[in-house]
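Presented below is the structure to which this report refers.
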Amino acid sequence: MDSILSPTTSHFQLRRPLLTPFPPSKLTINRLNNSRHCVQNKGVFGPQPLRVFATSAPSAQAASNKSSSSIPSEMKAWTYTEYGGVEVLKFESSVAVPEVKEDQVLIKVAAAALNPVDFKRRLGKFKATDSPLPTIPGYDVAGVVVKVGSQVKDLKEGDEVYGDISEKALDGPKQFGSLAEYTAVEEKLLALKPKNLDFVQAAALPLAIETAYEGLEKAGFSEGKSILVLGGAGGVGSLVIQSLGADLAIDYTKENFEDLPEKFDVVYDAVGQCDKAVKAVKEGGSVVVLTGAVTPPGFRFVVTSTGETLKKLNPYLESGKVKALVDPNGPFPFDKVSEAFSYLETNRATGKVVVYPIP
C-alpha cells in the first residue's frame, strides 16, 4: 500500500522525548530530501536524556460563525467522479451540504490541508476499500462548528476545532471530505483548536501529528530502547524530530543508514525502504512500516485518527514546543486546489500544503 505521507528521506540523531512522554531511550532519523546537518539538544516532553537517530523525508485566521438557521442547502466544493490525475478534479458551486448524524457536528471549513493519501486515493490506489464515488477529497480540517447532532456531548456551535475527518485513512474514508465549504465529522475525531494557532496552522497538523504520536507508541518506544526513523523531513517525520529534539543530521547522499555500525531496537519507516530498514534493526527488533512493501520483521502501520490524541498534544502546541510546519509556497486559495495537488505530487513540499481561505 502507498504511503499516507510524503515519500521523501536524511539522518538525525535525537535526544529526549518530545511528542510522547516516553522514558529515556535512543532514536535515529533519516531524511531523503534534505542533506543539511543540524544539532539540537533540547527535547520537549521529558527531562530525561535520550539519544535518538532518525531518517527524514523532504519535506490567516477567520471563519464565519453561522448559526444553524443560516446554513445554506448548497455549497462550493471540489469533487471527482472518476479516478485519475489532477485533471479529474472539478470545482462545483452547487453541491448539497452534508446531513449531520447524531454523533456528528457540521463544520464551516476555514482551512484544509493535503496529504499524499489524498492524491493516492484520487489515483485509485486503494479503490477496493474506498468510499463510493463521487468524492469530495480532504482529510485534514480546521474550522467552526455551526451545527451539532443530538448525541454530541462536548462541542457546541461556535467552537473552533480541528481534526482528521476520517477515522481510517484507507478503509472507507469519508465520501465528503474537507475541500468544501462545509463538512460533517464525528465529534470523537475532533479537538478544540489550540488557542495560539490560526486555522492554517491547525489544518496542517491532524493526520501527520497523530501518525507521529501513534507510530511512536506502536514502535514500542520505551526506556533503554533505540529507534531509527526514516522520513524526518515530511509531515510525520518533522513532527517526530520536533518531539525528540534532533542532535545530528547525517547526509543520506554520503552515508547509507543501513551500513551504520549501530543497530536499533525499532526502525520507523515513513518512506518505503523496509528492505533497507530491516538491515538496521537489532535481532529481535521490529520495523514499523507506513508505506511500501513489508519485509519481516516489519509490520504495516496505518493511523487510527482520534480527537483524544489531539487533546493530549494540545498543551505542547499551545506552549510552542511543537509547531505546525506550513509549506512556504502556500497557503493555496480555494480556487487553486488543482495547483495545490500538482505541487504536492512533486514531492518537493517542505511543510504541509494548506488550502486557505475557504469561502
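Going through the C-alpha cells in order, the chains are called A, B, and so on, while each chain numbers its residues from 1 and the ligands are numbered from 1 in the order shown.
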Tell me, as a ChimeraX atom specification, which residues lie within 9 Å of region 112-126 of chain A, counting only C-alpha atoms; anything in the same chain fewer than 6 positions away does not count.
/A:1-7,80,82-86,88-89,135,137-143,169-171,178-180,199-200,202-205,207-208,235,340-341,344-345,347,352-358
Give me a file of those residues, with N, CA and C atoms, as a CSV table (one decimal), in the first residue's frame.
```
chain,number,residue,atom,x,y,z
A,1,MET,N,0.8,-1.2,0.0
A,1,MET,CA,0.0,0.0,0.0
A,1,MET,C,0.9,1.2,0.0
A,2,ASP,N,0.4,2.3,-0.6
A,2,ASP,CA,1.2,3.5,-0.7
A,2,ASP,C,1.2,4.3,0.6
A,3,SER,N,2.1,5.2,0.7
A,3,SER,CA,2.3,6.0,1.9
A,3,SER,C,1.2,7.0,2.1
A,4,ILE,N,0.9,7.3,3.4
A,4,ILE,CA,0.0,8.4,3.7
A,4,ILE,C,0.8,9.7,3.7
A,5,LEU,N,2.1,9.6,3.8
A,5,LEU,CA,2.9,10.7,3.9
A,5,LEU,C,3.8,10.9,2.7
A,6,SER,N,4.6,12.0,2.7
A,6,SER,CA,5.4,12.3,1.5
A,6,SER,C,6.6,11.3,1.5
A,7,PRO,N,6.8,10.8,0.3
A,7,PRO,CA,7.9,9.8,0.1
A,7,PRO,C,9.2,10.4,0.0
A,80,TYR,N,-14.5,14.8,-7.5
A,80,TYR,CA,-14.1,14.0,-8.7
A,80,TYR,C,-15.1,12.8,-8.8
A,82,GLU,N,-14.4,10.2,-11.1
A,82,GLU,CA,-13.7,9.1,-11.6
A,82,GLU,C,-12.2,9.2,-11.1
A,83,TYR,N,-11.5,8.1,-11.0
A,83,TYR,CA,-10.1,8.1,-10.5
A,83,TYR,C,-9.2,8.6,-11.7
A,84,GLY,N,-8.1,9.2,-11.3
A,84,GLY,CA,-7.2,9.7,-12.3
A,84,GLY,C,-6.3,10.8,-11.8
A,85,GLY,N,-5.7,11.5,-12.7
A,85,GLY,CA,-4.8,12.6,-12.4
A,85,GLY,C,-5.5,13.9,-12.0
A,86,VAL,N,-4.7,14.9,-11.8
A,86,VAL,CA,-5.3,16.2,-11.4
A,86,VAL,C,-6.5,16.7,-12.2
A,88,VAL,N,-9.0,15.2,-13.2
A,88,VAL,CA,-10.4,14.7,-12.8
A,88,VAL,C,-11.0,15.6,-11.8
A,89,LEU,N,-10.2,16.5,-11.1
A,89,LEU,CA,-10.8,17.4,-10.1
A,89,LEU,C,-11.6,18.5,-10.7
A,135,THR,N,-16.5,11.8,-5.0
A,135,THR,CA,-15.7,12.1,-3.8
A,135,THR,C,-15.4,13.6,-3.7
A,137,PRO,N,-12.6,15.3,-1.9
A,137,PRO,CA,-11.3,14.9,-1.2
A,137,PRO,C,-11.1,15.8,0.1
A,138,GLY,N,-10.1,15.3,0.8
A,138,GLY,CA,-9.6,16.1,2.0
A,138,GLY,C,-9.8,15.4,3.3
A,139,TYR,N,-8.8,15.2,4.1
A,139,TYR,CA,-8.8,14.6,5.4
A,139,TYR,C,-8.7,15.7,6.5
A,140,ASP,N,-7.6,16.5,6.4
A,140,ASP,CA,-7.4,17.5,7.5
A,140,ASP,C,-8.3,18.7,7.4
A,141,VAL,N,-8.8,19.1,8.5
A,141,VAL,CA,-9.7,20.3,8.5
A,141,VAL,C,-9.5,21.2,9.7
A,142,ALA,N,-9.8,22.4,9.6
A,142,ALA,CA,-9.9,23.4,10.7
A,142,ALA,C,-11.0,24.3,10.4
A,143,GLY,N,-11.9,24.6,11.4
A,143,GLY,CA,-13.0,25.5,11.1
A,143,GLY,C,-13.9,25.7,12.3
A,169,ALA,N,-7.8,6.0,7.3
A,169,ALA,CA,-7.4,6.7,6.1
A,169,ALA,C,-7.7,5.9,4.8
A,170,LEU,N,-7.5,4.6,4.9
A,170,LEU,CA,-7.6,3.7,3.7
A,170,LEU,C,-8.8,2.9,3.7
A,171,ASP,N,-9.5,2.8,4.8
A,171,ASP,CA,-10.7,1.9,4.8
A,171,ASP,C,-12.0,2.7,5.0
A,178,SER,N,-12.9,17.5,3.3
A,178,SER,CA,-12.7,18.8,3.8
A,178,SER,C,-12.5,19.9,2.8
A,179,LEU,N,-12.4,19.5,1.5
A,179,LEU,CA,-12.2,20.5,0.5
A,179,LEU,C,-13.6,21.0,0.0
A,180,ALA,N,-14.3,21.6,0.9
A,180,ALA,CA,-15.6,22.1,0.7
A,180,ALA,C,-15.9,23.2,1.7
A,199,PHE,N,-6.1,29.1,11.7
A,199,PHE,CA,-6.7,28.0,11.1
A,199,PHE,C,-5.8,27.3,10.1
A,200,VAL,N,-4.9,28.1,9.4
A,200,VAL,CA,-3.9,27.5,8.5
A,200,VAL,C,-3.0,26.5,9.3
A,202,ALA,N,-3.5,25.1,12.2
A,202,ALA,CA,-4.2,24.0,12.8
A,202,ALA,C,-4.6,22.9,11.7
A,203,ALA,N,-4.9,23.3,10.5
A,203,ALA,CA,-5.2,22.4,9.4
A,203,ALA,C,-4.0,21.6,9.0
A,204,ALA,N,-2.8,22.1,9.2
A,204,ALA,CA,-1.6,21.4,8.8
A,204,ALA,C,-1.3,20.2,9.7
A,205,LEU,N,-1.9,20.1,10.8
A,205,LEU,CA,-1.4,19.1,11.8
A,205,LEU,C,-2.1,17.8,11.9
A,207,LEU,N,-3.5,14.8,10.7
A,207,LEU,CA,-3.1,13.4,10.2
A,207,LEU,C,-1.6,13.2,10.5
A,208,ALA,N,-0.8,14.2,10.3
A,208,ALA,CA,0.6,14.0,10.5
A,208,ALA,C,1.0,13.8,11.9
A,235,GLY,N,5.8,15.4,6.6
A,235,GLY,CA,4.8,15.8,7.7
A,235,GLY,C,5.0,15.0,9.0
A,340,ALA,N,-2.5,23.1,-6.0
A,340,ALA,CA,-2.0,22.6,-4.7
A,340,ALA,C,-1.7,21.1,-4.8
A,341,PHE,N,-2.6,20.3,-5.5
A,341,PHE,CA,-2.4,18.9,-5.7
A,341,PHE,C,-1.1,18.7,-6.5
A,344,LEU,N,1.9,19.3,-4.5
A,344,LEU,CA,2.2,18.2,-3.5
A,344,LEU,C,2.8,16.9,-4.2
A,345,GLU,N,2.3,16.7,-5.4
A,345,GLU,CA,2.7,15.5,-6.1
A,345,GLU,C,4.2,15.6,-6.7
A,347,ASN,N,6.6,16.1,-4.7
A,347,ASN,CA,7.3,15.6,-3.5
A,347,ASN,C,8.4,16.6,-3.1
A,352,LYS,N,3.5,21.3,5.3
A,352,LYS,CA,2.2,20.9,4.8
A,352,LYS,C,1.6,21.8,3.8
A,353,VAL,N,1.0,21.3,2.8
A,353,VAL,CA,0.3,22.1,1.7
A,353,VAL,C,-1.1,22.3,2.2
A,354,VAL,N,-1.4,23.6,2.4
A,354,VAL,CA,-2.7,24.0,3.0
A,354,VAL,C,-3.5,24.8,2.0
A,355,VAL,N,-4.8,24.6,2.1
A,355,VAL,CA,-5.8,25.4,1.2
A,355,VAL,C,-6.5,26.4,2.1
A,356,TYR,N,-6.4,27.7,1.8
A,356,TYR,CA,-7.0,28.7,2.7
A,356,TYR,C,-7.0,30.0,1.9
A,357,PRO,N,-8.0,30.9,2.0
A,357,PRO,CA,-9.2,30.7,2.7
A,357,PRO,C,-10.2,29.9,1.9
A,358,ILE,N,-11.1,29.2,2.6
A,358,ILE,CA,-12.2,28.5,2.0
A,358,ILE,C,-13.5,29.4,2.3
```
Within 7 Å of region 314-337 of chain A, which residues of region 185-204 of chain A show up? Give each one with its shortest atom-to-atom distance in Å (one decimal) and the two atoms involved, counting only C-alpha atoms, rows by chain then rising residue number, as a Markdown table.
```
| residue | atom | partner | partner_atom | distance |
| --- | --- | --- | --- | --- |
| A:Pro194 | CA | A:Glu318 | CA | 5.7 |
| A:Lys195 | CA | A:Glu318 | CA | 6.6 |
| A:Asn196 | CA | A:Glu318 | CA | 5.8 |
| A:Gln201 | CA | A:Ala324 | CA | 5.5 |
| A:Ala204 | CA | A:Ala324 | CA | 6.3 |
```
Those same residues - all heavy atoms - I'd like them written as a short mmCIF file (atom, residue, chain, number, x, y, z; two decimals), in the first residue's frame.
```cif
data_model
loop_
_atom_site.label_atom_id
_atom_site.label_comp_id
_atom_site.auth_asym_id
_atom_site.auth_seq_id
_atom_site.Cartn_x
_atom_site.Cartn_y
_atom_site.Cartn_z
N PRO A 194 -5.99 24.64 19.15
CA PRO A 194 -5.12 25.36 20.08
C PRO A 194 -5.27 26.86 19.92
O PRO A 194 -5.29 27.37 18.80
CB PRO A 194 -3.71 24.87 19.69
CG PRO A 194 -3.94 23.51 19.11
CD PRO A 194 -5.26 23.62 18.38
N LYS A 195 -5.36 27.55 21.03
CA LYS A 195 -5.68 28.98 21.00
C LYS A 195 -4.64 29.83 20.27
O LYS A 195 -4.96 30.87 19.71
CB LYS A 195 -5.86 29.51 22.43
CG LYS A 195 -7.03 28.88 23.18
CD LYS A 195 -7.12 29.44 24.58
CE LYS A 195 -8.32 28.86 25.34
NZ LYS A 195 -8.23 27.40 25.52
N ASN A 196 -3.39 29.38 20.29
CA ASN A 196 -2.33 30.18 19.69
C ASN A 196 -2.14 29.91 18.20
O ASN A 196 -1.32 30.57 17.55
CB ASN A 196 -1.00 29.93 20.41
CG ASN A 196 -0.58 28.47 20.32
OD1 ASN A 196 -1.40 27.57 20.51
ND2 ASN A 196 0.69 28.22 20.05
N GLN A 201 -2.45 26.96 10.39
CA GLN A 201 -1.55 26.12 11.17
C GLN A 201 -2.27 24.89 11.72
O GLN A 201 -1.74 23.79 11.69
CB GLN A 201 -0.96 26.94 12.32
CG GLN A 201 -0.04 28.06 11.86
CD GLN A 201 0.25 29.06 12.98
OE1 GLN A 201 -0.62 29.38 13.79
NE2 GLN A 201 1.48 29.55 13.02
N ALA A 204 -2.84 22.11 9.23
CA ALA A 204 -1.62 21.42 8.81
C ALA A 204 -1.26 20.24 9.70
O ALA A 204 -0.39 19.44 9.34
CB ALA A 204 -0.46 22.41 8.79
#
```
With distances taken over only C-alpha atoms, the candidate from A:Ala128, A:Val278, A:Ala212, A:Leu192 nearest Asp154 (chain A) is A:Leu192
Going by DSSP on the backbone, which residues of region 292-326 of chain A come out as strand (DSSP E or B)? List them as a list in words.
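Those residues are Gly298, Phe299, Arg300, Thr304 and Val326 of chain A.
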DSSP-assigned alpha helix (DSSP H) members of region 66-213 of chain A, reported as a PyMOL selection string:
chain A and resi 116-122+199-203+206-213
To one decimal place, how far is CA of Glu157 (chain A) from CA of Val145 (chain A) in Å?
4.9 Å
Nearest residue to Ala96 (chain A) from the set A:Thr183, A:Ser166, A:Thr129, A:Gln151 (distances using only C-alpha atoms):
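Answer, going by the shortest atom-to-atom distance: A:Thr183.
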Can you pull out every residue within 8 Å of Asp269 (chain A), counting only C-alpha atoms, but drop anything in the same chain fewer than 3 positions away, and send it as number ranges by chain?
A: 229-231, 272-274, 277, 287-291
Would you mind telling me which residue in A:Ala77, A:Leu228, A:Leu106, A:Ala270 lies nearest to Arg300 (chain A) when using only C-alpha atoms?
A:Ala270
Shell of 9 Å around Ser93 (chain A), only C-alpha atoms, local chain residues under 3 positions omitted, as a count of residues only:
5
With only C-alpha atoms as the basis for distance, which of A:Asp275, A:Ala110, A:Pro132, A:Gln175 is at the shortest distance from Val144 (chain A)?
A:Ala110
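For the residues A:Thr304, A:Leu239, A:Lys225, A:Asp130, ranking by smallest atom-to-atom distance to Val281 (chain A) using only C-alpha atoms places A:Lys225 first.
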Got a sec: who's within 10 Å of Ser73 (chain A), counting only C-alpha atoms, leaving out chain neighbours fewer than 2 positions off, as number ranges by chain?
A: 70-71, 75, 94-99
Hey, can you spit out that residue selection with C-alpha atoms as an mmCIF file, in the first residue's frame?
```
data_model
loop_
_atom_site.group_PDB
_atom_site.id
_atom_site.type_symbol
_atom_site.label_atom_id
_atom_site.label_comp_id
_atom_site.auth_asym_id
_atom_site.auth_seq_id
_atom_site.Cartn_x
_atom_site.Cartn_y
_atom_site.Cartn_z
ATOM 1 C CA SER A 70 -28.282 30.342 8.338
ATOM 2 C CA ILE A 71 -26.691 27.208 6.863
ATOM 3 C CA MET A 75 -22.111 24.762 -1.068
ATOM 4 C CA SER A 94 -23.941 23.701 -6.061
ATOM 5 C CA VAL A 95 -23.086 20.600 -4.016
ATOM 6 C CA ALA A 96 -25.531 19.589 -1.290
ATOM 7 C CA VAL A 97 -24.384 20.457 2.238
ATOM 8 C CA PRO A 98 -23.923 17.125 4.079
ATOM 9 C CA GLU A 99 -26.501 15.958 6.584
#
```
Would you compute the distance between CA of Val148 (chain A) and CA of Ile209 (chain A)? Give it in Å to one decimal.
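Those two atoms sit 25.8 Å apart.
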Provide the CA of Lys108 (chain A) to CA of Pro72 (chain A) distance in Å, to one decimal place.
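A separation of 11.0 Å between them.
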